[in-house]
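For reference, start-v1.cif is printed below; it contains mmCIF, C-alpha atoms.
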data_coords
#
loop_
_atom_site.label_atom_id
_atom_site.label_comp_id
_atom_site.auth_asym_id
_atom_site.auth_seq_id
_atom_site.Cartn_x
_atom_site.Cartn_y
_atom_site.Cartn_z
CA MET A 28 0.45 -12.23 -12.91
CA SER A 29 -0.93 -12.06 -16.43
CA LEU A 30 -3.34 -9.38 -15.24
CA VAL A 31 -0.50 -7.29 -13.82
CA ALA A 32 1.49 -7.75 -17.03
CA ARG A 33 -1.50 -6.54 -19.05
CA VAL A 34 -1.86 -3.39 -16.93
CA LEU A 35 1.86 -2.62 -17.18
CA GLU A 36 1.83 -3.06 -20.97
CA GLU A 37 -1.22 -0.81 -21.33
CA GLN A 38 0.74 1.86 -19.48
CA GLY A 39 3.85 1.48 -21.64
CA VAL A 40 6.01 -0.97 -19.69
CA PRO A 41 7.20 -4.04 -21.64
CA THR A 42 6.75 -7.35 -19.79
CA VAL A 43 7.35 -11.07 -20.06
CA VAL A 44 5.72 -13.73 -17.88
CA LEU A 45 7.40 -17.06 -17.07
CA SER A 46 4.59 -19.58 -16.81
CA ASN A 47 4.10 -23.20 -15.83
CA ALA A 48 0.38 -23.07 -16.73
CA ARG A 49 -0.06 -22.67 -20.46
CA ASP A 50 -3.85 -22.74 -20.52
CA ILE A 51 -4.28 -20.08 -17.82
CA THR A 52 -1.67 -17.85 -19.47
CA ALA A 53 -3.29 -18.23 -22.88
CA GLN A 54 -6.85 -17.64 -21.72
CA ALA A 55 -5.87 -14.48 -19.85
CA LEU A 56 -4.18 -13.26 -23.05
CA THR A 57 -0.77 -12.47 -21.61
CA PRO A 58 1.28 -9.95 -23.64
CA ARG A 59 4.43 -12.12 -23.80
CA ALA A 60 5.04 -15.43 -22.05
CA LEU A 61 7.58 -18.21 -21.93
CA PHE A 62 5.90 -21.49 -21.06
CA THR A 63 7.92 -24.24 -19.42
CA ASN A 64 6.16 -27.53 -18.83
CA TYR A 65 7.40 -27.99 -15.28
CA PRO A 66 5.24 -28.59 -12.19
CA LEU A 67 3.74 -25.46 -10.61
CA GLY A 68 6.35 -23.58 -8.61
CA ASN A 69 9.19 -23.71 -11.14
CA PRO A 70 8.48 -20.90 -13.60
CA VAL A 71 12.15 -19.99 -14.00
CA GLY A 72 13.75 -23.42 -13.96
CA ARG A 73 14.56 -26.60 -12.15
CA PRO A 74 15.50 -26.24 -8.45
CA GLN A 75 19.23 -26.55 -7.69
CA ASP A 76 20.01 -26.21 -11.40
CA LEU A 77 21.44 -22.77 -12.08
CA ALA A 78 22.12 -23.51 -15.76
CA ASP A 79 18.48 -24.42 -16.32
CA GLN A 80 17.28 -21.35 -14.42
CA ARG A 81 19.58 -19.13 -16.46
CA ALA A 82 18.33 -20.72 -19.66
CA GLY A 83 14.78 -19.85 -18.65
CA LEU A 84 15.66 -16.23 -17.96
CA ILE A 85 17.69 -15.83 -21.17
CA ALA A 86 14.80 -17.23 -23.22
CA ALA A 87 12.29 -14.96 -21.47
CA LEU A 88 14.47 -11.89 -21.93
CA GLY A 89 14.89 -12.80 -25.59
CA LEU A 90 11.13 -12.64 -25.97
CA LEU A 91 11.18 -9.02 -24.81
CA GLU A 92 13.19 -8.27 -27.96
CA SER A 93 11.68 -10.73 -30.42
CA ALA A 94 7.92 -10.84 -29.77
CA THR A 95 6.00 -8.61 -32.14
CA GLU A 96 2.48 -9.87 -31.50
CA ALA A 97 0.44 -9.45 -28.30
CA GLY A 98 -0.38 -12.82 -26.76
CA THR A 99 2.83 -14.52 -27.86
CA ILE A 100 3.54 -17.72 -25.93
CA VAL A 101 6.79 -19.55 -26.64
CA ASP A 102 7.21 -23.10 -25.40
CA SER A 103 10.67 -23.48 -23.90
CA GLY A 104 10.76 -27.19 -24.73
CA ARG A 105 12.42 -28.22 -21.46
CA VAL A 106 11.28 -31.53 -19.95
CA TRP A 107 10.83 -32.06 -16.18
CA SER A 108 11.30 -35.82 -16.08
CA ALA A 109 11.08 -38.92 -18.24
CA SER A 110 7.85 -39.82 -16.48
CA ARG A 111 4.81 -37.63 -17.19
CA ASP A 112 2.94 -38.97 -14.18
CA TRP A 113 3.10 -35.62 -12.41
CA MET A 114 0.91 -34.14 -15.16
CA ARG A 115 -1.79 -36.70 -14.49
CA LEU A 116 -1.55 -36.65 -10.70
CA ILE A 117 -1.73 -32.93 -9.95
CA PHE A 118 -5.18 -31.93 -8.65
CA SER A 119 -6.11 -35.60 -8.24
CA GLN A 120 -7.54 -37.35 -5.19
CA GLU A 121 -4.23 -39.20 -4.97
CA GLN A 122 -2.31 -35.96 -4.68
CA PRO A 123 -4.57 -33.26 -3.18
CA PHE A 124 -3.27 -29.85 -4.20
CA LEU A 125 -3.60 -28.15 -0.83
CA SER A 126 -2.69 -29.77 2.46
CA ASP A 127 -5.56 -29.94 4.97
CA ALA A 128 -3.94 -27.17 7.02
CA ALA A 129 -3.54 -24.93 4.00
CA GLU A 130 -7.11 -25.57 2.91
CA ALA A 131 -8.34 -24.52 6.35
CA GLN A 132 -6.15 -21.40 6.39
CA ARG A 133 -7.27 -20.37 2.91
CA LEU A 134 -10.92 -20.83 3.82
CA GLY A 135 -10.35 -18.69 6.88
CA GLU A 136 -8.75 -15.93 4.82
CA THR A 137 -11.26 -15.87 1.99
CA GLY A 138 -14.45 -17.10 3.60
CA GLN A 139 -15.24 -18.97 0.38
CA ARG A 140 -16.82 -22.32 -0.08
CA MET B 28 1.92 -26.77 -29.22
CA ALA B 29 3.77 -28.62 -26.47
CA GLU B 30 1.97 -31.03 -24.19
CA HIS B 31 0.67 -29.28 -21.11
CA VAL B 32 -1.57 -29.76 -18.08
CA LYS B 33 -5.11 -28.43 -18.48
CA TYR B 34 -5.20 -26.61 -15.15
CA ILE B 35 -8.48 -24.79 -15.78
CA ASP B 36 -10.31 -28.08 -16.37
CA LYS B 37 -8.46 -29.90 -13.59
CA THR B 38 -9.06 -27.28 -10.92
CA ARG B 39 -12.74 -27.08 -11.82
CA ALA B 40 -13.17 -30.83 -11.41
CA TYR B 41 -11.03 -30.94 -8.28
CA TYR B 42 -12.87 -28.21 -6.38
CA ARG B 43 -16.30 -29.44 -7.47
CA SER B 44 -15.43 -32.84 -6.05
CA ALA B 45 -14.34 -31.12 -2.81
CA GLY B 46 -17.78 -29.58 -2.38
CA TYR B 47 -17.30 -26.12 -3.84
CA THR B 48 -20.40 -25.04 -5.69
CA GLN B 49 -19.06 -22.08 -7.65
CA ASP B 50 -16.33 -22.50 -10.29
CA TYR B 51 -13.48 -20.02 -10.27
CA GLY B 52 -13.69 -17.73 -13.26
CA TRP B 53 -10.19 -17.62 -14.67
CA ALA B 54 -9.31 -14.44 -16.53
CA ASN B 55 -10.47 -14.54 -20.13
CA ASN B 56 -9.47 -11.69 -22.42
CA GLU B 57 -9.64 -11.09 -26.15
CA THR B 58 -7.36 -8.12 -26.64
CA CYS B 59 -4.15 -6.93 -25.05
CA ALA B 60 -1.50 -4.26 -25.47
CA LEU B 61 2.13 -4.90 -26.36
CA THR B 62 4.79 -2.30 -25.67
CA PRO B 63 8.04 -2.79 -27.59
CA LEU B 64 11.37 -2.57 -25.81
CA SER B 65 12.76 0.92 -26.26
CA LYS B 66 16.44 0.00 -26.20
CA PRO B 67 18.71 -3.08 -26.38
CA LEU B 68 18.44 -5.51 -23.47
CA SER B 69 22.06 -4.85 -22.59
CA GLN B 70 21.04 -1.27 -21.76
CA CYS B 71 17.77 -2.09 -19.99
CA ARG B 72 17.05 -1.91 -16.30
CA ILE B 73 14.98 -4.99 -15.47
CA GLY B 74 12.52 -5.42 -12.60
CA LEU B 75 11.06 -8.59 -11.08
CA VAL B 76 7.44 -8.97 -9.98
CA SER B 77 6.12 -12.22 -8.49
CA THR B 78 3.30 -13.86 -6.62
CA ALA B 79 5.89 -15.95 -4.76
CA SER B 80 4.92 -16.26 -1.09
CA LEU B 81 8.03 -15.41 0.88
CA VAL B 82 8.79 -14.18 4.36
CA ARG B 83 12.04 -12.56 5.42
CA LEU B 84 13.97 -14.13 8.28
CA ASP B 85 16.12 -12.38 10.85
CA ALA B 86 19.64 -13.56 11.63
CA SER B 87 18.30 -16.18 14.04
CA GLY B 88 15.84 -17.57 11.51
CA GLN B 89 12.71 -15.96 12.96
CA ALA B 90 10.14 -14.67 10.47
CA LEU B 91 10.02 -10.89 10.10
CA ASP B 92 6.84 -10.93 8.03
CA THR B 93 3.38 -12.33 8.53
CA SER B 94 2.54 -15.19 6.22
CA ARG B 95 -0.67 -15.06 4.22
CA LEU B 96 -1.83 -17.40 1.49
CA MET B 97 -4.40 -15.20 -0.21
CA GLY B 98 -4.76 -11.50 -0.78
CA SER B 99 -7.57 -9.42 0.72
CA SER B 100 -9.28 -6.30 -0.58
CA LYS B 101 -6.49 -4.09 0.84
CA LEU B 102 -3.48 -2.82 -1.07
CA GLU B 103 -0.93 -5.63 -0.92
CA VAL B 104 2.28 -4.85 -2.81
CA TYR B 105 5.51 -5.72 -1.03
CA SER B 106 8.99 -4.53 -1.92
CA LEU B 107 12.05 -6.59 -1.15
CA ALA B 108 15.62 -5.31 -1.43
CA SER B 109 17.31 -7.14 -4.28
CA ASN B 110 20.39 -7.71 -2.15
CA TRP B 111 18.43 -9.42 0.64
CA PRO B 112 20.14 -12.84 1.04
CA ASN B 113 18.20 -15.80 -0.29
CA ALA B 114 19.29 -17.77 2.78
CA ARG B 115 17.11 -15.41 4.82
CA LEU B 116 13.96 -15.99 2.78
CA ARG B 117 11.49 -18.77 3.43
CA SER B 118 8.76 -19.84 1.06
CA THR B 119 5.30 -20.06 2.54
CA SER B 120 3.76 -21.02 -0.81
CA GLU B 121 0.85 -23.40 -1.05
CA ASP B 122 0.45 -22.82 -4.77
CA HIS B 123 3.12 -25.18 -6.04
CA ASP B 124 3.07 -28.90 -6.80
CA ARG B 125 4.16 -30.05 -3.36
CA PHE B 126 4.66 -33.60 -4.59
CA GLN B 127 7.30 -32.47 -7.08
CA THR B 128 9.07 -29.52 -5.51
CA ASP B 129 9.56 -27.96 -2.05
CA MET B 130 10.36 -24.33 -2.99
CA SER B 131 13.65 -24.45 -1.06
CA ASP B 132 15.53 -22.99 -4.04
CA VAL B 133 14.32 -19.43 -4.43
CA GLY B 134 16.07 -19.22 -7.81
CA ALA B 135 13.51 -21.54 -9.38
CA TYR B 136 10.74 -18.94 -8.98
CA PHE B 137 12.15 -15.66 -7.63
CA PRO B 138 15.39 -15.21 -9.61
CA LYS B 139 16.71 -11.97 -8.19
CA ASP B 140 20.25 -13.32 -7.70
CA GLU B 141 20.47 -14.66 -11.24
CA PHE B 142 19.29 -11.31 -12.58
CA GLN B 143 22.16 -9.67 -10.73
CA SER B 144 24.52 -12.15 -12.40
CA LEU B 145 22.99 -11.35 -15.79
CA ALA B 146 23.61 -7.67 -15.09
CA SER B 147 27.23 -8.38 -14.10
CA ASP B 148 27.66 -10.38 -17.31
CA GLY B 149 26.25 -7.56 -19.44
CA VAL B 150 23.23 -9.50 -20.68
CA ILE B 151 20.98 -6.83 -19.16
CA GLY B 152 21.99 -3.29 -18.31
CA SER B 153 21.06 -3.49 -14.63
CA PHE B 154 18.62 -5.01 -12.17
CA ALA B 155 16.36 -2.87 -10.01
CA ASP B 156 17.41 -2.34 -6.39
CA GLU B 157 14.15 -3.82 -5.20
CA CYS B 158 11.76 -6.57 -6.32
CA TRP B 159 8.02 -6.60 -5.86
CA ARG B 160 5.51 -9.18 -4.72
CA ILE B 161 1.75 -9.30 -4.68
CA LEU B 162 -0.43 -11.97 -3.11
CA PRO B 163 -2.50 -14.40 -5.15
CA ASN B 164 -6.07 -13.08 -5.13
CA TYR B 165 -9.36 -14.51 -6.34
CA SER B 166 -10.54 -11.01 -7.28
CA LYS B 167 -9.36 -10.03 -10.75
CA ARG B 168 -10.83 -6.56 -10.20
CA LYS B 169 -8.71 -6.07 -7.09
CA VAL B 170 -5.54 -7.21 -8.87
CA CYS B 171 -6.18 -4.89 -11.83
CA ASN B 172 -7.50 -1.85 -9.94
CA VAL B 173 -5.55 -1.89 -6.68
CA ASP B 174 -2.35 -3.94 -6.82
CA ALA B 175 -1.32 -3.53 -10.47
CA PRO B 176 -1.44 0.31 -10.43
CA GLU B 177 0.76 0.28 -7.33
CA VAL B 178 3.20 -2.14 -9.03
CA LEU B 179 3.25 0.28 -11.97
CA ARG B 180 3.99 3.20 -9.66
CA ARG B 181 6.87 1.36 -8.02
CA VAL B 182 8.47 0.09 -11.24
CA ARG B 183 8.30 3.60 -12.68
CA ALA B 184 9.86 5.05 -9.54
CA ALA B 185 12.66 2.49 -9.93
CA HIS B 186 13.21 3.59 -13.57
CA VAL B 187 12.68 0.06 -14.85
CA ASP B 188 12.63 -0.42 -18.64
CA ALA B 189 10.99 -3.86 -18.63
CA VAL B 190 9.46 -6.22 -16.09
CA VAL B 191 9.79 -10.00 -15.75
CA LEU B 192 6.91 -11.67 -13.89
CA THR B 193 7.00 -15.04 -12.17
CA PRO B 194 3.62 -16.44 -11.11
CA VAL B 195 3.61 -19.05 -8.35
#
If you convert what's in this file into structure tokens, what do you get?
Amino acid sequence: MSLVARVLEEQGVPTVVLSNARDITAQALTPRALFTNYPLGNPVGRPQDLADQRAGLIAALGLLESATEAGTIVDSGRVWSASRDWMRLIFSQEQPFLSDAAEAQRLGETGQR
Amino acid sequence: MAEHVKYIDKTRAYYRSAGYTQDYGWANNETCALTPLSKPLSQCRIGLVSTASLVRLDASGQALDTSRLMGSSKLEVYSLASNWPNARLRSTSEDHDRFQTDMSDVGAYFPKDEFQSLASDGVIGSFADECWRILPNYSKRKVCNVDAPEVLRRVRAAHVDAVVLTPV
């Protein structure tokens, strides 16, 4: 998504990316991004929590007006849960990222290994 | 800087341990453009672009679209009417933390309905009549040279003033 945002900005379209992956967003040099430290899959906000989702969108839209420097990443400061275990467990052997079925399907589609 | 997961390091270690011999080369850029907003948000037409994996369902709950996890070398930009009901969308994502979230609430990652509310409330001028999706793709060249130019063409055709992007 950062790559698409970069192409749009080069062609004169302002963008803002809502990201759950700060390092990937930063390394790609994304024009404007709002980072929320939630598990992957929740870039806008917490599921079943409209107020939190709206807060994410309002903050991201605000960046469209306020950011003056390319590569701006603002941390939204919202917290997923009291426990930070999810941050440790993602991409671990305990919690494999892809299910076996998904791994097989992805291999079939990309032919990579 | 807030605490955050080091996904680049974690994915490298994870896939090496799974037997992959070549690390994925995440995008790494040193310069980028920034286009200022040309008018107040309350007058802007906003568009939504996402890598969310979604299929549309018919009235009986049968999928109308083919599910794919990864993009190919073909042009893969999909438009979705903004008024398509969320109840007739199903996530086929495999790119979320499945131990923390199940993607059943489209609003958490594909917020087209909330954008329509923001338009009704006057926060933004309007929301585009369609949203756009691309597939996750390992090829940065394909994303930049094939999909992104088509996204640009569609957002321009929709007279969008600014684009919000939600990676999944």
Sorted per-residue table, chain A near chain B, closest atoms and distance, 6 Å, only C-alpha atoms, as JSON lines:
{"residue": "A:Met28", "atom": "CA", "partner": "B:Pro194", "partner_atom": "CA", "distance": 5.6}
{"residue": "A:Val31", "atom": "CA", "partner": "B:Ala175", "partner_atom": "CA", "distance": 5.1}
{"residue": "A:Glu36", "atom": "CA", "partner": "B:Thr62", "partner_atom": "CA", "distance": 5.6}
{"residue": "A:Glu37", "atom": "CA", "partner": "B:Ala60", "partner_atom": "CA", "distance": 5.4}
{"residue": "A:Gly39", "atom": "CA", "partner": "B:Thr62", "partner_atom": "CA", "distance": 5.6}
{"residue": "A:Val40", "atom": "CA", "partner": "B:Ala189", "partner_atom": "CA", "distance": 5.9}
{"residue": "A:Pro41", "atom": "CA", "partner": "B:Ala189", "partner_atom": "CA", "distance": 4.8}
{"residue": "A:Thr42", "atom": "CA", "partner": "B:Val190", "partner_atom": "CA", "distance": 4.7}
{"residue": "A:Val43", "atom": "CA", "partner": "B:Val191", "partner_atom": "CA", "distance": 5.1}
{"residue": "A:Val44", "atom": "CA", "partner": "B:Leu192", "partner_atom": "CA", "distance": 4.6}
{"residue": "A:Leu45", "atom": "CA", "partner": "B:Thr193", "partner_atom": "CA", "distance": 5.3}
{"residue": "A:Gln54", "atom": "CA", "partner": "B:Asn55", "partner_atom": "CA", "distance": 5.0}
{"residue": "A:Ala55", "atom": "CA", "partner": "B:Asn55", "partner_atom": "CA", "distance": 4.6}
{"residue": "A:Leu56", "atom": "CA", "partner": "B:Asn56", "partner_atom": "CA", "distance": 5.6}
{"residue": "A:Pro58", "atom": "CA", "partner": "B:Leu61", "partner_atom": "CA", "distance": 5.8}
{"residue": "A:Pro66", "atom": "CA", "partner": "B:Asp124", "partner_atom": "CA", "distance": 5.8}
{"residue": "A:Leu67", "atom": "CA", "partner": "B:His123", "partner_atom": "CA", "distance": 4.6}
{"residue": "A:Gly68", "atom": "CA", "partner": "B:His123", "partner_atom": "CA", "distance": 4.4}
{"residue": "A:Asn69", "atom": "CA", "partner": "B:Ala135", "partner_atom": "CA", "distance": 5.1}
{"residue": "A:Pro70", "atom": "CA", "partner": "B:Tyr136", "partner_atom": "CA", "distance": 5.5}
{"residue": "A:Val71", "atom": "CA", "partner": "B:Ala135", "partner_atom": "CA", "distance": 5.1}
{"residue": "A:Gly72", "atom": "CA", "partner": "B:Ala135", "partner_atom": "CA", "distance": 5.0}
{"residue": "A:Arg73", "atom": "CA", "partner": "B:Ala135", "partner_atom": "CA", "distance": 5.9}
{"residue": "A:Pro74", "atom": "CA", "partner": "B:Ala135", "partner_atom": "CA", "distance": 5.2}
{"residue": "A:Ala97", "atom": "CA", "partner": "B:Leu61", "partner_atom": "CA", "distance": 5.2}
{"residue": "A:Met114", "atom": "CA", "partner": "B:Val32", "partner_atom": "CA", "distance": 5.8}
{"residue": "A:Phe118", "atom": "CA", "partner": "B:Tyr41", "partner_atom": "CA", "distance": 5.9}
{"residue": "A:Arg140", "atom": "CA", "partner": "B:Tyr47", "partner_atom": "CA", "distance": 5.4}
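Atom CA of B:Glu177 is positioned 24.5 Å from atom CA of A:Ala53.
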Contact residues around B:Asp85 with all atoms listed in the file at 10 Å, ignoring same-chain residues under 4 positions, as a PyMOL selection string: chain B and resi 89-92+115-116
Would you write out, as a ChimeraX atom specification, every residue that the PyMOL selection byres ((chain A and resi 60) around 8) captures in this file? /A:43-46,52,57-59,61-62,87,90,98-101
Draw an axis-aligned box tight on the listed atoms of stretch 85-103 of chain A, then pad every side by 5 Å and write out centre and edge lengths in Å to one decimal as JSON.
{"center_x": 8.7, "center_y": -15.9, "center_z": -26.7, "size_x": 28.1, "size_y": 25.2, "size_z": 21.0}
In Å to one decimal, how far is atom CA of B:His186 from atom CA of B:Arg72? 7.2 Å
